[in-house]
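Enquirer: Quick one, query_12.pdb (PDB, C-alpha atoms, pLDDT in the B column):
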```pdb
ATOM      1  CA  MET A   1      -9.433 -41.207  28.831  1.00 52.00           C
ATOM      2  CA  THR A   2     -12.412 -41.050  31.177  1.00 52.00           C
ATOM      3  CA  GLU A   3     -14.182 -38.235  32.969  1.00 54.00           C
ATOM      4  CA  SER A   4     -16.380 -38.633  36.027  1.00 50.00           C
ATOM      5  CA  VAL A   5     -19.636 -36.718  36.343  1.00 52.00           C
ATOM      6  CA  GLY A   6     -21.400 -37.450  39.622  1.00 57.00           C
ATOM      7  CA  ASN A   7     -21.666 -41.226  39.826  1.00 54.00           C
ATOM      8  CA  THR A   8     -21.290 -41.653  36.059  1.00 69.00           C
ATOM      9  CA  THR A   9     -18.004 -42.181  34.224  1.00 76.00           C
ATOM     10  CA  CYS A  10     -17.848 -40.867  30.660  1.00 80.00           C
ATOM     11  CA  ASN A  11     -15.398 -42.178  28.085  1.00 84.00           C
ATOM     12  CA  VAL A  12     -13.789 -39.924  25.494  1.00 86.00           C
ATOM     13  CA  CYS A  13     -14.292 -41.187  21.955  1.00 89.00           C
ATOM     14  CA  GLU A  14     -11.312 -42.829  20.254  1.00 91.00           C
ATOM     15  CA  ASN A  15      -9.564 -41.137  17.318  1.00 92.00           C
ATOM     16  CA  GLY A  16     -11.751 -41.088  14.212  1.00 92.00           C
ATOM     17  CA  ARG A  17     -14.954 -41.428  16.246  1.00 92.00           C
ATOM     18  CA  PHE A  18     -17.406 -38.919  17.752  1.00 91.00           C
ATOM     19  CA  ALA A  19     -20.453 -38.533  20.003  1.00 90.00           C
ATOM     20  CA  ALA A  20     -22.765 -35.821  18.695  1.00 84.00           C
ATOM     21  CA  ASP A  21     -24.852 -35.427  21.843  1.00 82.00           C
ATOM     22  CA  ILE A  22     -24.484 -35.666  25.603  1.00 80.00           C
ATOM     23  CA  ALA A  23     -25.317 -38.915  27.396  1.00 77.00           C
ATOM     24  CA  GLN A  24     -24.442 -41.066  24.376  1.00 79.00           C
ATOM     25  CA  ASP A  25     -23.798 -44.702  25.154  1.00 84.00           C
ATOM     26  CA  ARG A  26     -21.401 -45.133  22.210  1.00 89.00           C
ATOM     27  CA  CYS A  27     -19.236 -43.300  19.702  1.00 91.00           C
ATOM     28  CA  PHE A  28     -19.800 -43.275  15.942  1.00 92.00           C
ATOM     29  CA  GLU A  29     -17.235 -43.608  13.143  1.00 94.00           C
ATOM     30  CA  CYS A  30     -16.341 -40.602  11.073  1.00 95.00           C
ATOM     31  CA  PRO A  31     -17.293 -41.636   7.512  1.00 97.00           C
ATOM     32  CA  ALA A  32     -14.903 -41.623   4.557  1.00 98.00           C
ATOM     33  CA  GLY A  33     -14.455 -38.050   3.287  1.00 98.00           C
ATOM     34  CA  PHE A  34     -14.344 -36.690   6.857  1.00 97.00           C
ATOM     35  CA  GLN A  35     -11.838 -36.322   9.700  1.00 96.00           C
ATOM     36  CA  ASP A  36     -12.381 -36.204  13.441  1.00 91.00           C
ATOM     37  CA  THR A  37     -12.023 -33.105  15.596  1.00 90.00           C
ATOM     38  CA  ASN A  38     -10.349 -32.497  18.946  1.00 85.00           C
ATOM     39  CA  GLU A  39     -13.768 -31.885  20.500  1.00 86.00           C
ATOM     40  CA  LYS A  40     -14.952 -35.407  19.475  1.00 88.00           C
ATOM     41  CA  ASN A  41     -18.521 -34.095  19.027  1.00 89.00           C
ATOM     42  CA  ARG A  42     -18.537 -34.125  15.204  1.00 92.00           C
ATOM     43  CA  CYS A  43     -16.473 -34.952  12.144  1.00 94.00           C
ATOM     44  CA  ASP A  44     -15.327 -32.247   9.739  1.00 96.00           C
ATOM     45  CA  SER A  45     -15.590 -32.563   5.956  1.00 97.00           C
ATOM     46  CA  CYS A  46     -12.381 -32.872   4.019  1.00 98.00           C
ATOM     47  CA  LEU A  47     -11.837 -29.521   2.310  1.00 98.00           C
ATOM     48  CA  LYS A  48     -11.576 -29.008  -1.448  1.00 98.00           C
ATOM     49  CA  GLY A  49      -8.165 -30.254  -2.595  1.00 98.00           C
ATOM     50  CA  THR A  50      -8.115 -32.988   0.071  1.00 98.00           C
ATOM     51  CA  TYR A  51      -9.670 -36.425   0.449  1.00 98.00           C
ATOM     52  CA  GLN A  52     -10.011 -39.366   2.822  1.00 98.00           C
ATOM     53  CA  PRO A  53     -10.820 -42.839   1.446  1.00 98.00           C
ATOM     54  CA  ALA A  54     -11.165 -44.580   4.810  1.00 97.00           C
ATOM     55  CA  PRO A  55     -13.707 -44.227   7.604  1.00 97.00           C
ATOM     56  CA  GLN A  56     -12.565 -43.390  11.141  1.00 95.00           C
ATOM     57  CA  ALA A  57      -9.781 -41.092   9.917  1.00 95.00           C
ATOM     58  CA  THR A  58      -8.021 -38.448  11.947  1.00 94.00           C
ATOM     59  CA  LEU A  59      -6.736 -36.422   8.971  1.00 96.00           C
ATOM     60  CA  CYS A  60      -7.677 -35.635   5.392  1.00 97.00           C
ATOM     61  CA  LEU A  61      -4.962 -36.169   2.778  1.00 98.00           C
ATOM     62  CA  ASP A  62      -3.755 -33.702   0.128  1.00 97.00           C
ATOM     63  CA  CYS A  63      -4.401 -34.721  -3.478  1.00 97.00           C
ATOM     64  CA  GLU A  64      -1.291 -35.942  -5.267  1.00 96.00           C
ATOM     65  CA  ASP A  65       0.285 -33.976  -8.128  1.00 96.00           C
ATOM     66  CA  GLY A  66      -1.823 -34.132 -11.282  1.00 96.00           C
ATOM     67  CA  LYS A  67      -5.044 -34.787  -9.344  1.00 97.00           C
ATOM     68  CA  TYR A  68      -7.763 -32.655  -7.754  1.00 97.00           C
ATOM     69  CA  ALA A  69     -10.766 -32.776  -5.405  1.00 98.00           C
ATOM     70  CA  ALA A  70     -13.312 -30.196  -6.576  1.00 97.00           C
ATOM     71  CA  ASP A  71     -15.760 -30.598  -3.711  1.00 98.00           C
ATOM     72  CA  ILE A  72     -15.772 -31.137   0.055  1.00 98.00           C
ATOM     73  CA  SER A  73     -16.050 -34.596   1.652  1.00 98.00           C
ATOM     74  CA  MET A  74     -14.264 -36.331  -1.220  1.00 98.00           C
ATOM     75  CA  GLN A  75     -13.203 -39.955  -0.831  1.00 98.00           C
ATOM     76  CA  PHE A  76     -10.744 -39.806  -3.734  1.00 98.00           C
ATOM     77  CA  CYS A  77      -9.036 -37.332  -6.066  1.00 98.00           C
ATOM     78  CA  THR A  78      -9.681 -37.189  -9.802  1.00 97.00           C
ATOM     79  CA  ASP A  79      -6.952 -37.204 -12.469  1.00 97.00           C
ATOM     80  CA  CYS A  80      -6.505 -33.990 -14.441  1.00 97.00           C
ATOM     81  CA  PRO A  81      -7.318 -34.899 -18.066  1.00 97.00           C
ATOM     82  CA  ALA A  82      -4.938 -34.500 -21.018  1.00 97.00           C
ATOM     83  CA  GLY A  83      -4.889 -30.843 -22.114  1.00 97.00           C
ATOM     84  CA  TRP A  84      -5.100 -29.674 -18.493  1.00 97.00           C
ATOM     85  CA  GLU A  85      -2.672 -29.085 -15.599  1.00 96.00           C
ATOM     86  CA  ASP A  86      -3.180 -29.196 -11.847  1.00 93.00           C
ATOM     87  CA  THR A  87      -3.110 -26.178  -9.555  1.00 93.00           C
ATOM     88  CA  ASN A  88      -1.387 -25.592  -6.222  1.00 92.00           C
ATOM     89  CA  GLU A  89      -4.790 -25.608  -4.519  1.00 93.00           C
ATOM     90  CA  LYS A  90      -5.552 -29.114  -5.895  1.00 96.00           C
ATOM     91  CA  ASN A  91      -9.265 -28.173  -6.092  1.00 97.00           C
ATOM     92  CA  ARG A  92      -9.399 -27.944  -9.904  1.00 97.00           C
ATOM     93  CA  CYS A  93      -7.333 -28.366 -13.049  1.00 97.00           C
ATOM     94  CA  ASP A  94      -6.624 -25.452 -15.367  1.00 97.00           C
ATOM     95  CA  SER A  95      -6.835 -25.757 -19.144  1.00 97.00           C
ATOM     96  CA  CYS A  96      -3.603 -25.477 -21.078  1.00 97.00           C
ATOM     97  CA  PRO A  97      -3.603 -21.993 -22.656  1.00 97.00           C
ATOM     98  CA  LYS A  98      -3.297 -21.394 -26.392  1.00 97.00           C
ATOM     99  CA  GLY A  99       0.222 -22.159 -27.598  1.00 97.00           C
ATOM    100  CA  THR A 100       0.658 -24.989 -25.087  1.00 97.00           C
ATOM    101  CA  TYR A 101      -0.455 -28.616 -24.789  1.00 97.00           C
ATOM    102  CA  GLN A 102      -0.374 -31.623 -22.494  1.00 97.00           C
ATOM    103  CA  ALA A 103      -0.707 -35.122 -23.941  1.00 97.00           C
ATOM    104  CA  ASN A 104      -0.735 -36.946 -20.612  1.00 96.00           C
ATOM    105  CA  PRO A 105      -3.432 -37.077 -17.949  1.00 96.00           C
ATOM    106  CA  LYS A 106      -2.366 -36.402 -14.328  1.00 96.00           C
ATOM    107  CA  SER A 107      -0.017 -33.651 -15.466  1.00 94.00           C
ATOM    108  CA  THR A 108       1.340 -30.788 -13.418  1.00 94.00           C
ATOM    109  CA  ASP A 109       2.391 -28.512 -16.295  1.00 96.00           C
ATOM    110  CA  CYS A 110       1.436 -27.606 -19.844  1.00 97.00           C
ATOM    111  CA  ILE A 111       4.211 -27.660 -22.457  1.00 97.00           C
ATOM    112  CA  ALA A 112       4.933 -24.933 -25.018  1.00 97.00           C
ATOM    113  CA  CYS A 113       4.477 -26.053 -28.622  1.00 97.00           C
ATOM    114  CA  GLU A 114       7.708 -26.802 -30.487  1.00 95.00           C
ATOM    115  CA  ASN A 115       8.930 -24.419 -33.220  1.00 95.00           C
ATOM    116  CA  GLY A 116       6.733 -24.681 -36.314  1.00 95.00           C
ATOM    117  CA  LYS A 117       3.760 -26.115 -34.402  1.00 96.00           C
ATOM    118  CA  PHE A 118       0.841 -24.393 -32.699  1.00 95.00           C
ATOM    119  CA  ALA A 119      -2.137 -24.919 -30.433  1.00 96.00           C
ATOM    120  CA  ALA A 120      -4.860 -22.546 -31.603  1.00 95.00           C
ATOM    121  CA  ASP A 121      -7.272 -23.399 -28.797  1.00 97.00           C
ATOM    122  CA  ILE A 122      -7.155 -24.122 -25.057  1.00 97.00           C
ATOM    123  CA  SER A 123      -7.108 -27.601 -23.461  1.00 97.00           C
ATOM    124  CA  LEU A 124      -5.362 -29.339 -26.334  1.00 97.00           C
ATOM    125  CA  PRO A 125      -3.521 -32.640 -25.914  1.00 96.00           C
ATOM    126  CA  PHE A 126      -1.189 -31.899 -28.870  1.00 96.00           C
ATOM    127  CA  CYS A 127       0.141 -29.171 -31.166  1.00 96.00           C
ATOM    128  CA  THR A 128      -0.351 -29.192 -34.934  1.00 94.00           C
ATOM    129  CA  ALA A 129       1.932 -28.140 -37.759  1.00 90.00           C
TER     130      ALA A 129
END
```
Any chance you could give the structure as structure tokens?
Expert:
Amino acid sequence: MTESVGNTTCNVCENGRFAADIAQDRCFECPAGFQDTNEKNRCDSCLKGTYQPAPQATLCLDCEDGKYAADISMQFCTDCPAGWEDTNEKNRCDSCPKGTYQANPKSTDCIACENGKFAADISLPFCTA
């Protein structure tokens, strides 16, 4: 799309690109960890719980189940470790509470200890007899 101003024709930046100032002669790529805006004058950081691995992106992606992005502008999500479970917000993992465990990384839920076993502390990857 183009706009005319006096005798000058201005081009609108393509998706995933921006021009931060007036009278720019080119558009710049949004870096990985950012997404473009409708205004095309900046790129916005991916929010906590989202990520974008590629430059020139139009959208940030939600972290998959069992993963999280604890900060803004993330290029990838991190696996929740064993003994932890992910949250709906995808911006952190919560420790498994006492009486529960999780042996696998990238988990969405902690598991209650079987009868006769216990987990006396938080964040445990197993229960003991």
Enquirer: Under the rule that all atoms listed in the file are counted, which of A:Thr128, A:Gln35, A:Asn11, A:Ser123 is the nearest residue to Ile72 in chain A?
Expert: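 Result for the nearest residue to Ile72 in chain A: A:Gln35.
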Enquirer: How would you write, as a list in words, the residues chosen by the PyMOL selection byres ((chain A and resi 99) around 9) on this structure?
Expert: Cys96, Pro97, Lys98, Thr100, Tyr101, Ile111, Ala112, Cys113, Lys117, Phe118, Ala119, Ala120, Asp121, Ile122 and Cys127 of chain A
Enquirer: Can you measure CA of Thr50 in chain A to CA of Ser107 in chain A for me? One decimal in Å is fine.
Expert: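 CA of Ser107 in chain A lies at a distance of 17.5 Å from CA of Thr50 in chain A.
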Enquirer: Write out as a list in words each polymer residue whose atoms come within 10 Å of Arg42 in chain A, counting only C-alpha atoms; drop sequence neighbours fewer than 2 positions from it.
Expert: Gly16, Arg17, Phe18, Ala19, Ala20, Asp21, Phe28, Glu29, Cys30, Phe34, Gln35, Asp36, Thr37, Asn38, Glu39, Lys40, Asp44 and Ser45 of chain A
Enquirer: Can you tell me, as a PyMOL selection string, what residues are no more than 8 Å from Pro81 in chain A when counting only C-alpha atoms, ignoring any on the same chain fewer than 6 positions away?
Expert: chain A and resi 104-107
Enquirer: Between A:Gln75, A:Asn115, A:Gln24, A:Thr108, which is the closest to Thr87 in chain A once you count all atoms listed in the file?
Expert: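 Among the listed residues, the smallest separation from Thr87 in chain A belongs to A:Thr108.
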Enquirer: When you count only C-alpha atoms, which of these residues is closest to Pro125 in chain A: A:Glu85, A:Glu64, A:Asp71, A:Glu14?
Expert: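 Ranked by minimum distance to Pro125 in chain A, first place goes to A:Glu85.
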Enquirer: Could you jot down the CA of Phe126 in chain A to CA of Ala103 in chain A separation for me, Å, one decimal place?
Expert: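 Distance reported for this atom pair: 5.9 Å.
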Enquirer: What is the CA of Cys110 in chain A-CA of Asp65 in chain A distance in Å, reported with one decimal?
Expert: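 Going from CA of Cys110 in chain A over to CA of Asp65 in chain A covers 13.4 Å.
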Enquirer: Neighbouring residues of Glu89 in chain A were defined as those with any atom within 10 Å, considering all atoms listed in the file; residues of the same chain fewer than 6 positions away were excluded. Please report them as a PyMOL selection string.
Expert: chain A and resi 48-50+62-63+68-70
Enquirer: Please determine, counting all atoms listed in the file, which residue among A:Asp86, A:Asn91, A:Lys67, A:Arg26 has the shortest atom-to-atom distance to Cys46 in chain A.
Expert: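 Smallest distance to Cys46 in chain A is found for A:Asn91.
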Enquirer: Can you tell me, as AutoDock Vina command-line options, the centre and edge lengths (Å, one decimal) of the axis-aligned box enclosing all of range 92-95 of chain A's listed atoms after padding each side by 5 Å?
Expert:
```
--center_x -8.0 --center_y -26.9 --center_z -14.5 --size_x 12.8 --size_y 12.9 --size_z 19.2
```
Enquirer: Taking 4 positions as the minimum chain separation for residues in the same chain, which residues sit within 7 Å of Pro53 in chain A when counting all atoms listed in the file? Answer as a list in words.
Expert: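 In the requested form, the answer reads Ala32, Gly33, Gln75 and Phe76 of chain A.
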